[in-house]
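> My structure is stored as protein03.tsv, with TSV, C-alpha atoms.
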```tsv
chain	number	residue	atom	x	y	z
A	1305	MET	CA	13.15	36.30	-50.71
A	1306	MET	CA	10.22	37.86	-48.87
A	1307	GLU	CA	9.74	40.59	-51.43
A	1308	LYS	CA	9.71	38.07	-54.29
A	1309	ALA	CA	6.54	36.65	-52.73
A	1310	ARG	CA	4.91	40.08	-52.55
A	1311	VAL	CA	3.62	39.99	-56.14
A	1312	ALA	CA	1.47	36.91	-55.47
A	1313	ALA	CA	0.33	37.78	-51.94
A	1314	ASN	CA	-3.11	38.87	-50.76
A	1315	PHE	CA	-1.71	40.20	-47.51
A	1316	ARG	CA	1.41	40.56	-45.37
A	1317	LEU	CA	1.03	39.50	-41.74
A	1318	VAL	CA	3.30	40.52	-38.86
A	1319	ILE	CA	3.26	39.17	-35.34
A	1320	LEU	CA	5.17	41.50	-33.03
A	1321	ASN	CA	5.19	41.31	-29.23
A	1322	GLY	CA	2.10	39.11	-29.27
A	1323	LYS	CA	0.03	41.44	-31.48
A	1324	VAL	CA	-1.13	40.85	-35.07
A	1325	TYR	CA	-0.75	43.41	-37.85
A	1326	VAL	CA	-1.83	43.06	-41.48
A	1327	GLU	CA	-1.09	44.95	-44.67
A	1328	LYS	CA	-3.58	44.08	-47.39
A	1329	TYR	CA	-2.65	44.06	-51.08
A	1330	ARG	CA	-5.66	42.62	-52.92
A	1331	LYS	CA	-9.01	41.16	-51.99
A	1332	SER	CA	-9.36	37.39	-51.93
A	1333	LEU	CA	-12.21	35.34	-53.34
A	1334	GLN	CA	-15.21	35.67	-50.99
A	1335	SER	CA	-14.06	36.01	-47.36
A	1336	ARG	CA	-11.07	33.66	-47.45
A	1337	ASP	CA	-8.66	36.34	-46.28
A	1338	LEU	CA	-10.97	37.50	-43.49
A	1339	PHE	CA	-11.43	34.05	-41.94
A	1340	THR	CA	-7.76	33.10	-42.43
A	1341	LEU	CA	-6.74	36.21	-40.50
A	1342	TRP	CA	-9.44	35.49	-37.94
A	1343	GLY	CA	-7.97	32.01	-37.45
A	1344	ILE	CA	-4.50	33.42	-36.79
A	1345	VAL	CA	-5.91	35.89	-34.28
A	1346	GLN	CA	-7.64	32.98	-32.52
A	1347	LEU	CA	-4.35	31.07	-32.43
A	1348	LEU	CA	-2.82	33.92	-30.44
A	1349	ARG	CA	-5.78	33.82	-28.05
A	1350	TRP	CA	-5.32	30.05	-27.69
A	1351	TYR	CA	-1.57	30.32	-27.05
A	1352	PRO	CA	-1.09	33.95	-25.86
A	1353	GLY	CA	2.48	35.15	-25.63
A	1354	ARG	CA	3.93	31.94	-27.09
A	1355	LEU	CA	4.31	32.86	-30.76
A	1356	PRO	CA	7.63	34.43	-31.75
A	1357	ASP	CA	7.86	37.63	-33.75
A	1358	LEU	CA	7.48	36.89	-37.45
A	1359	GLU	CA	6.51	38.27	-40.83
A	1360	LEU	CA	4.88	36.29	-43.65
A	1361	LEU	CA	3.13	36.68	-46.98
A	1362	PHE	CA	-0.10	34.79	-47.74
A	1363	ASN	CA	-1.83	33.89	-51.01
A	1364	CYS	CA	-5.53	32.96	-50.72
A	1365	ASP	CA	-6.03	31.55	-54.24
A	1366	ASP	CA	-6.53	27.86	-54.98
A	1367	ARG	CA	-3.47	26.63	-56.85
A	1368	PRO	CA	0.18	26.79	-55.74
A	1369	VAL	CA	2.31	29.41	-57.47
A	1370	VAL	CA	5.93	28.86	-56.34
A	1371	ARG	CA	7.20	26.39	-58.94
A	1372	SER	CA	10.20	24.27	-57.92
A	1373	ARG	CA	11.72	24.39	-61.41
A	1374	ASP	CA	12.12	28.15	-61.14
A	1375	TYR	CA	14.29	27.88	-58.02
A	1376	ARG	CA	17.08	25.37	-58.44
A	1377	GLY	CA	20.58	25.47	-57.05
A	1378	PRO	CA	22.02	26.34	-53.61
A	1379	ASN	CA	21.34	30.08	-53.89
A	1380	ALA	CA	17.96	29.92	-55.62
A	1381	GLY	CA	16.07	31.58	-52.74
A	1382	PRO	CA	12.44	30.56	-53.42
A	1383	PRO	CA	9.91	33.05	-52.04
A	1384	PRO	CA	8.31	31.83	-48.77
A	1385	LEU	CA	4.62	32.05	-49.62
A	1386	PHE	CA	1.87	30.60	-47.40
A	1387	LYS	CA	-1.02	28.84	-49.13
A	1388	TYR	CA	-3.88	26.40	-48.56
A	1389	CYS	CA	-2.39	23.62	-50.72
A	1390	SER	CA	0.64	22.62	-52.75
A	1391	ASP	CA	1.75	19.78	-55.04
A	1392	GLY	CA	4.84	17.78	-55.90
A	1393	TRP	CA	6.07	20.47	-58.28
A	1394	SER	CA	5.70	23.45	-55.95
A	1395	LEU	CA	7.23	24.96	-52.81
A	1396	ASP	CA	4.28	26.82	-51.31
A	1397	ILE	CA	4.02	26.53	-47.49
A	1398	VAL	CA	0.79	24.73	-46.61
A	1399	PHE	CA	-1.51	26.28	-44.00
A	1400	PRO	CA	-5.04	25.34	-42.78
A	1401	ASP	CA	-7.74	26.82	-44.99
A	1402	TRP	CA	-10.26	29.47	-43.97
A	1403	SER	CA	-13.19	27.06	-43.58
A	1404	PHE	CA	-11.85	25.74	-40.27
A	1405	TRP	CA	-13.39	28.94	-38.86
A	1406	GLY	CA	-16.45	28.82	-41.13
A	1407	TRP	CA	-17.38	29.36	-44.77
A	1408	ALA	CA	-20.00	32.08	-44.56
A	1409	GLU	CA	-20.93	32.15	-48.25
A	1410	THR	CA	-21.99	28.48	-48.24
A	1411	ASN	CA	-23.45	28.35	-44.71
A	1412	ILE	CA	-20.80	25.87	-43.53
A	1413	ARG	CA	-20.17	26.35	-39.83
A	1414	PRO	CA	-16.73	26.32	-38.15
A	1415	TRP	CA	-14.93	22.98	-38.14
A	1416	LYS	CA	-15.48	22.27	-34.44
A	1417	ASN	CA	-19.24	22.55	-34.92
A	1418	VAL	CA	-19.37	20.63	-38.20
A	1419	LEU	CA	-17.29	17.83	-36.71
A	1420	GLU	CA	-19.92	17.35	-33.98
A	1421	GLU	CA	-22.71	17.38	-36.58
A	1422	ILE	CA	-20.98	14.73	-38.70
A	1423	LYS	CA	-20.26	12.62	-35.61
A	1424	ALA	CA	-23.99	12.70	-34.79
A	1425	GLY	CA	-24.83	11.92	-38.43
A	1426	ASN	CA	-22.59	8.84	-38.34
A	1427	LYS	CA	-24.70	7.45	-35.51
A	1428	ARG	CA	-28.04	7.84	-37.28
A	1429	SER	CA	-27.63	4.72	-39.39
A	1430	LYS	CA	-25.53	1.59	-39.28
A	1431	TRP	CA	-23.08	1.26	-42.15
A	1432	LYS	CA	-24.65	-1.99	-43.44
A	1433	ASP	CA	-28.07	-0.29	-43.61
A	1434	ARG	CA	-26.89	2.59	-45.81
A	1435	VAL	CA	-27.44	2.83	-49.57
A	1436	PRO	CA	-24.86	0.35	-50.99
A	1437	LEU	CA	-23.55	2.80	-53.59
A	1438	ALA	CA	-21.00	5.64	-53.89
A	1439	TYR	CA	-22.26	9.19	-53.34
A	1440	TRP	CA	-21.02	12.61	-54.41
A	1441	ARG	CA	-22.61	16.03	-54.40
A	1442	GLY	CA	-20.80	19.13	-55.62
A	1443	ASN	CA	-20.18	21.73	-58.31
A	1444	PRO	CA	-19.00	19.95	-61.50
A	1445	HIS	CA	-18.23	23.16	-63.37
A	1446	VAL	CA	-15.04	24.17	-61.53
A	1447	ALA	CA	-12.72	21.60	-63.17
A	1448	PRO	CA	-12.70	19.03	-66.02
A	1449	THR	CA	-12.04	16.17	-63.59
A	1450	ARG	CA	-15.42	16.83	-61.99
A	1451	GLY	CA	-17.15	16.97	-65.36
A	1452	ASP	CA	-15.64	13.56	-66.12
A	1453	LEU	CA	-16.97	12.22	-62.83
A	1454	LEU	CA	-20.57	12.96	-63.83
A	1455	MET	CA	-20.18	10.45	-66.66
A	1456	CYS	CA	-20.14	7.76	-63.93
A	1457	ASN	CA	-23.73	8.45	-62.94
A	1458	VAL	CA	-26.37	5.74	-63.26
A	1459	THR	CA	-28.04	5.64	-66.69
A	1460	ASP	CA	-30.27	3.22	-68.58
A	1461	LYS	CA	-27.16	1.82	-70.30
A	1462	ASN	CA	-24.55	1.89	-67.54
A	1463	ASP	CA	-24.51	1.28	-63.82
A	1464	TRP	CA	-21.25	2.38	-62.27
A	1465	ASN	CA	-22.52	1.96	-58.70
A	1466	ALA	CA	-22.52	5.73	-58.16
A	1467	LEU	CA	-25.13	8.38	-57.40
A	1468	LEU	CA	-23.82	11.83	-58.33
A	1469	TYR	CA	-25.63	15.12	-57.77
A	1470	VAL	CA	-24.99	18.68	-58.96
A	1471	GLN	CA	-24.88	21.23	-56.13
A	1472	ASP	CA	-26.40	24.57	-57.13
A	1473	TRP	CA	-25.24	26.97	-54.41
A	1474	ILE	CA	-27.39	29.85	-55.68
A	1475	LYS	CA	-30.51	27.69	-55.46
A	1476	GLU	CA	-29.36	26.35	-52.08
A	1477	SER	CA	-29.04	29.86	-50.65
A	1478	ARG	CA	-32.55	30.73	-51.84
A	1479	GLU	CA	-34.01	27.57	-50.28
A	1480	GLY	CA	-32.21	27.81	-46.95
A	1481	TYR	CA	-29.39	25.28	-47.53
A	1482	LYS	CA	-31.72	22.31	-46.95
A	1483	GLN	CA	-29.72	19.95	-49.21
A	1484	SER	CA	-26.23	20.87	-48.02
A	1485	ASN	CA	-26.21	20.03	-44.32
A	1486	LEU	CA	-22.95	18.12	-43.93
A	1487	GLY	CA	-24.23	16.21	-40.92
A	1488	ASP	CA	-26.96	14.61	-43.05
A	1489	GLN	CA	-24.75	13.22	-45.81
A	1490	CYS	CA	-23.45	9.97	-44.29
A	1491	THR	CA	-26.33	8.03	-45.83
A	1492	HIS	CA	-24.44	5.95	-48.41
A	1493	ARG	CA	-21.88	3.21	-47.84
A	1494	TYR	CA	-19.25	5.08	-49.88
A	1495	LYS	CA	-18.38	8.76	-50.36
A	1496	ILE	CA	-16.39	10.09	-53.33
A	1497	TYR	CA	-13.74	12.79	-53.05
A	1498	VAL	CA	-12.64	14.58	-56.21
A	1499	GLU	CA	-10.53	17.72	-56.49
A	1500	GLY	CA	-11.90	20.96	-57.83
A	1501	TRP	CA	-9.80	23.72	-59.38
A	1502	ALA	CA	-7.15	22.59	-56.87
A	1503	TRP	CA	-7.61	20.69	-53.62
A	1504	SER	CA	-11.17	20.90	-52.30
A	1505	VAL	CA	-12.40	22.10	-48.92
A	1506	SER	CA	-14.88	19.18	-49.06
A	1507	GLU	CA	-12.08	16.70	-48.36
A	1508	LYS	CA	-12.19	16.83	-44.56
A	1509	TYR	CA	-15.99	16.67	-44.44
A	1510	ILE	CA	-16.06	13.58	-46.67
A	1511	LEU	CA	-13.29	11.80	-44.75
A	1512	ALA	CA	-15.01	12.55	-41.42
A	1513	CYS	CA	-17.98	10.40	-42.44
A	1514	ASP	CA	-17.47	6.76	-41.40
A	1515	SER	CA	-18.38	5.50	-44.85
A	1516	PRO	CA	-15.20	4.63	-46.79
A	1517	THR	CA	-13.92	7.49	-48.93
A	1518	LEU	CA	-13.25	6.65	-52.58
A	1519	LEU	CA	-10.47	9.16	-53.14
A	1520	ILE	CA	-9.80	9.98	-56.78
A	1521	THR	CA	-6.02	10.24	-57.13
A	1522	PRO	CA	-5.24	13.87	-56.23
A	1523	ARG	CA	-2.59	16.17	-57.60
A	1524	TYR	CA	-2.75	18.61	-54.70
A	1525	TYR	CA	-2.33	18.15	-50.95
A	1526	ASP	CA	-3.37	20.18	-47.94
A	1527	PHE	CA	-1.64	20.08	-44.56
A	1528	PHE	CA	-2.97	16.69	-43.40
A	1529	LEU	CA	-3.69	14.45	-46.41
A	1530	ARG	CA	-0.12	13.14	-46.70
A	1531	GLY	CA	-0.51	11.54	-43.27
A	1532	MET	CA	-3.25	9.25	-44.58
A	1533	VAL	CA	-2.64	5.83	-46.17
A	1534	PRO	CA	-4.57	3.94	-48.91
A	1535	LEU	CA	-6.53	0.90	-47.67
A	1536	GLN	CA	-6.13	2.20	-44.13
A	1537	HIS	CA	-7.86	5.57	-44.38
A	1538	TYR	CA	-9.33	5.60	-47.91
A	1539	TRP	CA	-9.75	3.61	-51.12
A	1540	PRO	CA	-7.73	5.00	-54.08
A	1541	ILE	CA	-9.56	5.63	-57.36
A	1542	LYS	CA	-7.79	6.02	-60.72
A	1543	SER	CA	-8.15	9.55	-62.07
A	1544	ASN	CA	-7.93	8.36	-65.68
A	1545	SER	CA	-10.51	5.57	-65.30
A	1546	LYS	CA	-12.92	6.85	-62.71
A	1547	CYS	CA	-16.08	4.95	-63.62
A	1548	LYS	CA	-14.56	1.48	-63.80
A	1549	SER	CA	-12.50	2.18	-60.69
A	1550	ILE	CA	-15.55	3.32	-58.70
A	1551	LYS	CA	-17.64	0.36	-59.83
A	1552	PHE	CA	-14.97	-2.09	-58.69
A	1553	ALA	CA	-14.46	-0.31	-55.37
A	1554	VAL	CA	-18.17	-0.60	-54.54
A	1555	GLU	CA	-18.29	-4.23	-55.68
A	1556	TRP	CA	-15.25	-5.05	-53.54
A	1557	GLY	CA	-16.63	-3.24	-50.50
A	1558	ASN	CA	-20.03	-4.90	-50.72
A	1559	ASN	CA	-18.31	-8.29	-50.87
A	1560	HIS	CA	-15.78	-7.48	-48.13
A	1561	THR	CA	-18.01	-5.60	-45.72
A	1562	ALA	CA	-15.88	-5.96	-42.60
A	1563	GLU	CA	-12.76	-4.65	-44.36
A	1564	ALA	CA	-14.66	-1.82	-46.06
A	1565	GLN	CA	-16.30	-0.74	-42.82
A	1566	ALA	CA	-12.91	-0.74	-41.09
A	1567	ILE	CA	-11.52	1.69	-43.69
A	1568	GLY	CA	-14.41	4.06	-43.11
A	1569	GLU	CA	-14.05	3.89	-39.34
A	1570	SER	CA	-10.28	4.43	-39.53
A	1571	SER	CA	-10.73	7.50	-41.74
A	1572	SER	CA	-13.41	8.96	-39.50
A	1573	ARG	CA	-11.32	8.31	-36.38
A	1574	PHE	CA	-8.27	10.01	-37.95
A	1575	ILE	CA	-10.31	13.12	-38.76
A	1576	GLN	CA	-12.29	13.18	-35.51
A	1577	GLU	CA	-9.26	12.66	-33.25
A	1578	ASP	CA	-6.14	13.86	-35.10
A	1579	LEU	CA	-7.74	16.80	-36.91
A	1580	LYS	CA	-9.71	18.24	-34.03
A	1581	MET	CA	-9.34	21.98	-33.62
A	1582	GLU	CA	-6.82	21.74	-30.78
A	1583	TYR	CA	-4.40	19.92	-33.10
A	1584	VAL	CA	-5.09	22.31	-35.97
A	1585	TYR	CA	-3.89	25.09	-33.67
A	1586	ASP	CA	-0.86	22.97	-32.70
A	1587	TYR	CA	0.05	22.53	-36.38
A	1588	MET	CA	-0.27	26.29	-36.90
A	1589	PHE	CA	1.81	26.99	-33.78
A	1590	HIS	CA	4.67	24.69	-34.79
A	1591	LEU	CA	4.62	25.75	-38.45
A	1592	LEU	CA	4.85	29.44	-37.57
A	1593	SER	CA	7.42	28.84	-34.81
A	1594	GLU	CA	9.73	26.86	-37.09
A	1595	TYR	CA	9.24	29.39	-39.89
A	1596	ALA	CA	10.15	32.25	-37.55
A	1597	LYS	CA	13.48	30.58	-36.76
A	1598	LEU	CA	14.47	31.02	-40.41
A	1599	LEU	CA	13.99	34.79	-40.51
A	1600	LYS	CA	17.27	36.69	-40.78
A	1601	PHE	CA	15.79	40.08	-39.94
A	1602	LYS	CA	13.67	41.58	-37.18
A	1603	PRO	CA	10.04	41.99	-38.27
A	1604	THR	CA	8.66	45.51	-38.28
A	1605	ILE	CA	5.17	46.90	-38.76
A	1606	PRO	CA	4.63	47.92	-42.42
A	1607	PRO	CA	3.61	51.57	-42.92
A	1608	ASN	CA	0.16	50.66	-44.29
A	1609	ALA	CA	-0.57	47.89	-41.79
A	1610	PHE	CA	-3.20	47.98	-39.05
A	1611	GLU	CA	-3.61	45.95	-35.89
A	1612	LEU	CA	-6.06	43.05	-35.81
A	1613	CYS	CA	-7.96	41.85	-32.77
A	1614	SER	CA	-11.11	39.80	-32.34
A	1615	GLU	CA	-13.26	42.77	-31.33
A	1616	SER	CA	-12.29	44.90	-34.32
A	1617	MET	CA	-13.11	42.00	-36.67
A	1618	VAL	CA	-16.43	40.95	-35.11
A	1619	CYS	CA	-17.99	44.40	-34.67
A	1620	PRO	CA	-18.43	45.27	-38.39
A	1621	ALA	CA	-19.50	41.70	-39.28
A	1622	ASP	CA	-23.10	40.54	-39.65
A	1623	GLY	CA	-25.07	37.47	-40.75
A	1624	ASN	CA	-23.11	34.25	-41.08
A	1625	TRP	CA	-19.86	36.19	-40.87
A	1626	LYS	CA	-20.63	37.39	-37.34
A	1627	ARG	CA	-22.27	34.11	-36.30
A	1628	PHE	CA	-19.31	31.99	-37.37
A	1629	MET	CA	-16.84	34.34	-35.70
A	1630	ASP	CA	-18.85	34.06	-32.49
A	1631	GLU	CA	-18.91	30.25	-32.78
A	1632	SER	CA	-15.16	29.95	-33.46
A	1633	LEU	CA	-14.04	32.60	-30.97
A	1634	VAL	CA	-11.42	31.31	-28.52
A	1635	LYS	CA	-12.96	32.44	-25.25
A	1636	ALA	CA	-10.02	31.58	-22.99
A	1637	PRO	CA	-6.40	30.45	-23.37
A	1638	THR	CA	-5.73	26.74	-23.13
A	1639	ASP	CA	-4.01	25.34	-20.05
A	1640	ALA	CA	-2.29	22.74	-22.23
A	1641	VAL	CA	1.11	23.16	-23.83
A	1642	PRO	CA	1.48	22.56	-27.58
A	1643	CYS	CA	2.00	18.93	-28.54
A	1644	THR	CA	5.64	17.89	-28.90
A	1645	LEU	CA	6.98	18.37	-32.40
A	1646	PRO	CA	8.67	15.11	-33.45
A	1647	PRO	CA	12.03	15.25	-35.22
A	1648	PRO	CA	12.01	15.19	-39.03
A	1649	TYR	CA	11.78	11.77	-40.67
A	1650	GLU	CA	15.04	9.97	-41.27
A	1651	PRO	CA	15.38	9.32	-45.04
A	1652	SER	CA	14.85	5.57	-44.51
A	1653	ALA	CA	11.67	6.13	-42.48
A	1654	LEU	CA	10.31	8.57	-45.04
A	1655	ARG	CA	11.04	6.09	-47.81
A	1656	ALA	CA	9.25	3.34	-45.83
A	1657	LEU	CA	6.16	5.56	-45.56
A	1658	PHE	CA	6.20	6.30	-49.31
A	1659	ASP	CA	6.65	2.60	-50.05
A	1660	LYS	CA	3.72	1.65	-47.82
A	1661	LYS	CA	1.43	4.10	-49.57
A	1662	GLY	CA	2.67	3.08	-53.02
A	1663	ASN	CA	2.34	-0.63	-52.33
A	1664	SER	CA	-1.22	-0.20	-51.02
A	1665	ALA	CA	-2.23	1.67	-54.16
A	1666	LYS	CA	-0.60	-1.00	-56.35
A	1667	GLN	CA	-2.48	-3.72	-54.48
A	1668	VAL	CA	-5.79	-2.05	-55.28
A	1669	GLU	CA	-4.77	-1.66	-58.93
A	1670	THR	CA	-3.92	-5.37	-59.13
A	1671	TRP	CA	-7.29	-6.39	-57.67
A	1672	GLU	CA	-9.07	-4.01	-60.03
A	1673	ASN	CA	-7.27	-5.32	-63.12
A	1674	GLU	CA	-8.09	-8.92	-62.13
A	1675	TYR	CA	-11.76	-8.00	-61.66
A	1676	TRP	CA	-12.10	-6.38	-65.08
A	1677	ASP	CA	-10.19	-9.22	-66.76
A	1678	LYS	CA	-12.81	-11.65	-65.43
A	1679	VAL	CA	-15.67	-9.37	-66.51
A	1680	ASN	CA	-14.27	-9.03	-70.03
A	1681	LYS	CA	-13.78	-12.80	-70.37
A	1682	LYS	CA	-17.42	-13.42	-69.48
A	1683	GLN	CA	-18.48	-11.06	-72.23
```
What is this file in structure tokens?

Amino acid sequence: MMEKARVAANFRLVILNGKVYVEKYRKSLQSRDLFTLWGIVQLLRWYPGRLPDLELLFNCDDRPVVRSRDYRGPNAGPPPLFKYCSDGWSLDIVFPDWSFWGWAETNIRPWKNVLEEIKAGNKRSKWKDRVPLAYWRGNPHVAPTRGDLLMCNVTDKNDWNALLYVQDWIKESREGYKQSNLGDQCTHRYKIYVEGWAWSVSEKYILACDSPTLLITPRYYDFFLRGMVPLQHYWPIKSNSKCKSIKFAVEWGNNHTAEAQAIGESSSRFIQEDLKMEYVYDYMFHLLSEYAKLLKFKPTIPPNAFELCSESMVCPADGNWKRFMDESLVKAPTDAVPCTLPPPYEPSALRALFDKKGNSAKQVETWENEYWDKVNKKQ
């Protein structure tokens, strides 16, 4: 099973007697592999001596690759491949993405630092004083769904209650990233989240703002999104009718300000409290610990592997790469024990959660249909 995952992997990682070893197969996009490995090394500094021996294979690309339909039956043996996201048709094992320790190429600092910046940005203006429209800034060229979103921009003929901006990262790097400071982007009453080629790193930054997130129905999920509920943590937007759905969401929010503000605050609180770095490390700890229990062999160091430690990774780094490693370095082990892993959901409880999310989304769809029926009758 492990070797079936080898063909899609960027690297093989082994934890043995508290040390980390890596065998690299192919370079990832930008420095995804570097900061993912850095994050795992920091986990072992946070919880030294607590991780069991294990061996895993990691893919640093965007989309999941282990398709469920290819592995059916009791002896199917799907390859255990770690990844940043998955979907309902795949079996990839979801792991926190590299940007939790910084995204050097786009000048986005480690998550702990960005979270503080967004928290400060939330306090700069009251929600009712913000621009009463939906806001999005990003690269529209990575996926058709983003190109479609740009059609919802304000024009002389249509007003969809949205202000949408193209992010040119090459221009941003030349001008010192003045328009991409995440702490300065909670200036509108509503923020839009739309996927890119797969899930988007931008998700957590958008949800951390205490303006309600208008979340365009996603195909992909990362390790925390499935714990969030429509109307409690975000407002669902139809992917096949974005403009009309966004216009109604803004109209509803501006006419139900207390309820809209509560959604934004609930989302921000979830991200600020439940997704803080300590809990990200707890998720990683439990995921790897449970995974290690499934191994039916004793991990060994691959012949072409080398040991990783913080010093050997920081020394050759420079610029943002070195700065972000310094900022995200775990300087001392925690005195706390990992949070208690709850038992798996009973089928009835899991069904209740799915029903709650489904019913909330259907409620929004009903309101939206009623709104547009009234608009069409007036015309």
> Tell me, in Å to one decimal, how far atom CA of Gln1667 of chain A is from atom CA of Pro1540 of chain A.
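Rounded to one decimal, the two atoms are 10.2 Å apart.
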> With distances taken over all atoms listed in the file, which residue among A:Glu1479, A:Glu1672, A:Asp1514, A:Asp1526 lies nearest Lys1551 of chain A?
A:Glu1672
> Rank nothing, just name the residue among A:Val1634, A:Leu1654, A:Trp1431, A:Glu1507 nearest to Gln1565 of chain A, using all atoms listed in the file.
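The answer is A:Trp1431, which sits nearest to Gln1565 of chain A.
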> Looking at only C-alpha atoms, which of A:Leu1358, A:Met1588, A:Val1679, A:Ala1621 is the one that sits closest to Thr1340 of chain A?
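Closest residue, counting only C-alpha atoms: A:Met1588.
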> For Thr1644 of chain A, find every residue with an atom within 12 Å (counting all atoms listed in the file), except residues of its own chain fewer than 4 positions away, and show them as number ranges by chain.
A: 1583, 1586-1587, 1589-1590, 1640
> Rebuild segment 1520-1540 of chain A so that it carries N, CA and C atoms, then output the result as an mmCIF file, in the coordinates of the input.

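As a result, out10.cif now contains:
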```
data_model
loop_
_atom_site.group_PDB
_atom_site.id
_atom_site.type_symbol
_atom_site.label_atom_id
_atom_site.label_comp_id
_atom_site.auth_asym_id
_atom_site.auth_seq_id
_atom_site.Cartn_x
_atom_site.Cartn_y
_atom_site.Cartn_z
ATOM 1 N N ILE A 1520 -10.347 9.918 -55.425
ATOM 2 C CA ILE A 1520 -9.800 9.980 -56.780
ATOM 3 C C ILE A 1520 -8.410 10.594 -56.718
ATOM 4 N N THR A 1521 -7.440 9.871 -57.265
ATOM 5 C CA THR A 1521 -6.020 10.240 -57.130
ATOM 6 C C THR A 1521 -5.822 11.745 -57.272
ATOM 7 N N PRO A 1522 -5.370 12.406 -56.202
ATOM 8 C CA PRO A 1522 -5.240 13.870 -56.230
ATOM 9 C C PRO A 1522 -3.882 14.326 -56.746
ATOM 10 N N ARG A 1523 -3.859 15.530 -57.274
ATOM 11 C CA ARG A 1523 -2.590 16.170 -57.600
ATOM 12 C C ARG A 1523 -2.116 17.019 -56.414
ATOM 13 N N TYR A 1524 -3.076 17.637 -55.729
ATOM 14 C CA TYR A 1524 -2.750 18.610 -54.700
ATOM 15 C C TYR A 1524 -2.886 18.005 -53.301
ATOM 16 N N TYR A 1525 -2.194 18.581 -52.334
ATOM 17 C CA TYR A 1525 -2.330 18.150 -50.950
ATOM 18 C C TYR A 1525 -2.506 19.361 -50.039
ATOM 19 N N ASP A 1526 -3.270 19.165 -48.982
ATOM 20 C CA ASP A 1526 -3.370 20.180 -47.940
ATOM 21 C C ASP A 1526 -2.420 19.795 -46.807
ATOM 22 N N PHE A 1527 -2.643 20.299 -45.604
ATOM 23 C CA PHE A 1527 -1.640 20.080 -44.560
ATOM 24 C C PHE A 1527 -1.759 18.730 -43.859
ATOM 25 N N PHE A 1528 -2.838 17.962 -44.111
ATOM 26 C CA PHE A 1528 -2.970 16.690 -43.400
ATOM 27 C C PHE A 1528 -3.083 15.453 -44.285
ATOM 28 N N LEU A 1529 -3.403 15.608 -45.561
ATOM 29 C CA LEU A 1529 -3.690 14.450 -46.410
ATOM 30 C C LEU A 1529 -2.512 13.489 -46.518
ATOM 31 N N ARG A 1530 -1.280 14.006 -46.509
ATOM 32 C CA ARG A 1530 -0.120 13.140 -46.700
ATOM 33 C C ARG A 1530 0.110 12.203 -45.514
ATOM 34 N N GLY A 1531 -0.600 12.449 -44.408
ATOM 35 C CA GLY A 1531 -0.510 11.540 -43.270
ATOM 36 C C GLY A 1531 -1.474 10.376 -43.357
ATOM 37 N N MET A 1532 -2.260 10.304 -44.435
ATOM 38 C CA MET A 1532 -3.250 9.250 -44.580
ATOM 39 C C MET A 1532 -2.758 8.213 -45.598
ATOM 40 N N VAL A 1533 -3.192 6.953 -45.410
ATOM 41 C CA VAL A 1533 -2.640 5.830 -46.170
ATOM 42 C C VAL A 1533 -3.758 5.072 -46.907
ATOM 43 N N PRO A 1534 -3.567 4.746 -48.190
ATOM 44 C CA PRO A 1534 -4.570 3.940 -48.910
ATOM 45 C C PRO A 1534 -4.819 2.607 -48.221
ATOM 46 N N LEU A 1535 -6.057 2.153 -48.282
ATOM 47 C CA LEU A 1535 -6.530 0.900 -47.670
ATOM 48 C C LEU A 1535 -6.602 0.974 -46.148
ATOM 49 N N GLN A 1536 -5.991 1.986 -45.564
ATOM 50 C CA GLN A 1536 -6.130 2.200 -44.130
ATOM 51 C C GLN A 1536 -7.129 3.321 -43.852
ATOM 52 N N HIS A 1537 -6.996 4.418 -44.595
ATOM 53 C CA HIS A 1537 -7.860 5.570 -44.380
ATOM 54 C C HIS A 1537 -8.780 5.876 -45.571
ATOM 55 N N TYR A 1538 -8.501 5.347 -46.726
ATOM 56 C CA TYR A 1538 -9.330 5.600 -47.910
ATOM 57 C C TYR A 1538 -9.044 4.555 -48.971
ATOM 58 N N TRP A 1539 -9.925 4.519 -49.998
ATOM 59 C CA TRP A 1539 -9.750 3.610 -51.120
ATOM 60 C C TRP A 1539 -9.348 4.442 -52.345
ATOM 61 N N PRO A 1540 -8.180 4.182 -52.949
ATOM 62 C CA PRO A 1540 -7.730 5.000 -54.080
ATOM 63 C C PRO A 1540 -8.489 4.684 -55.370
#
```
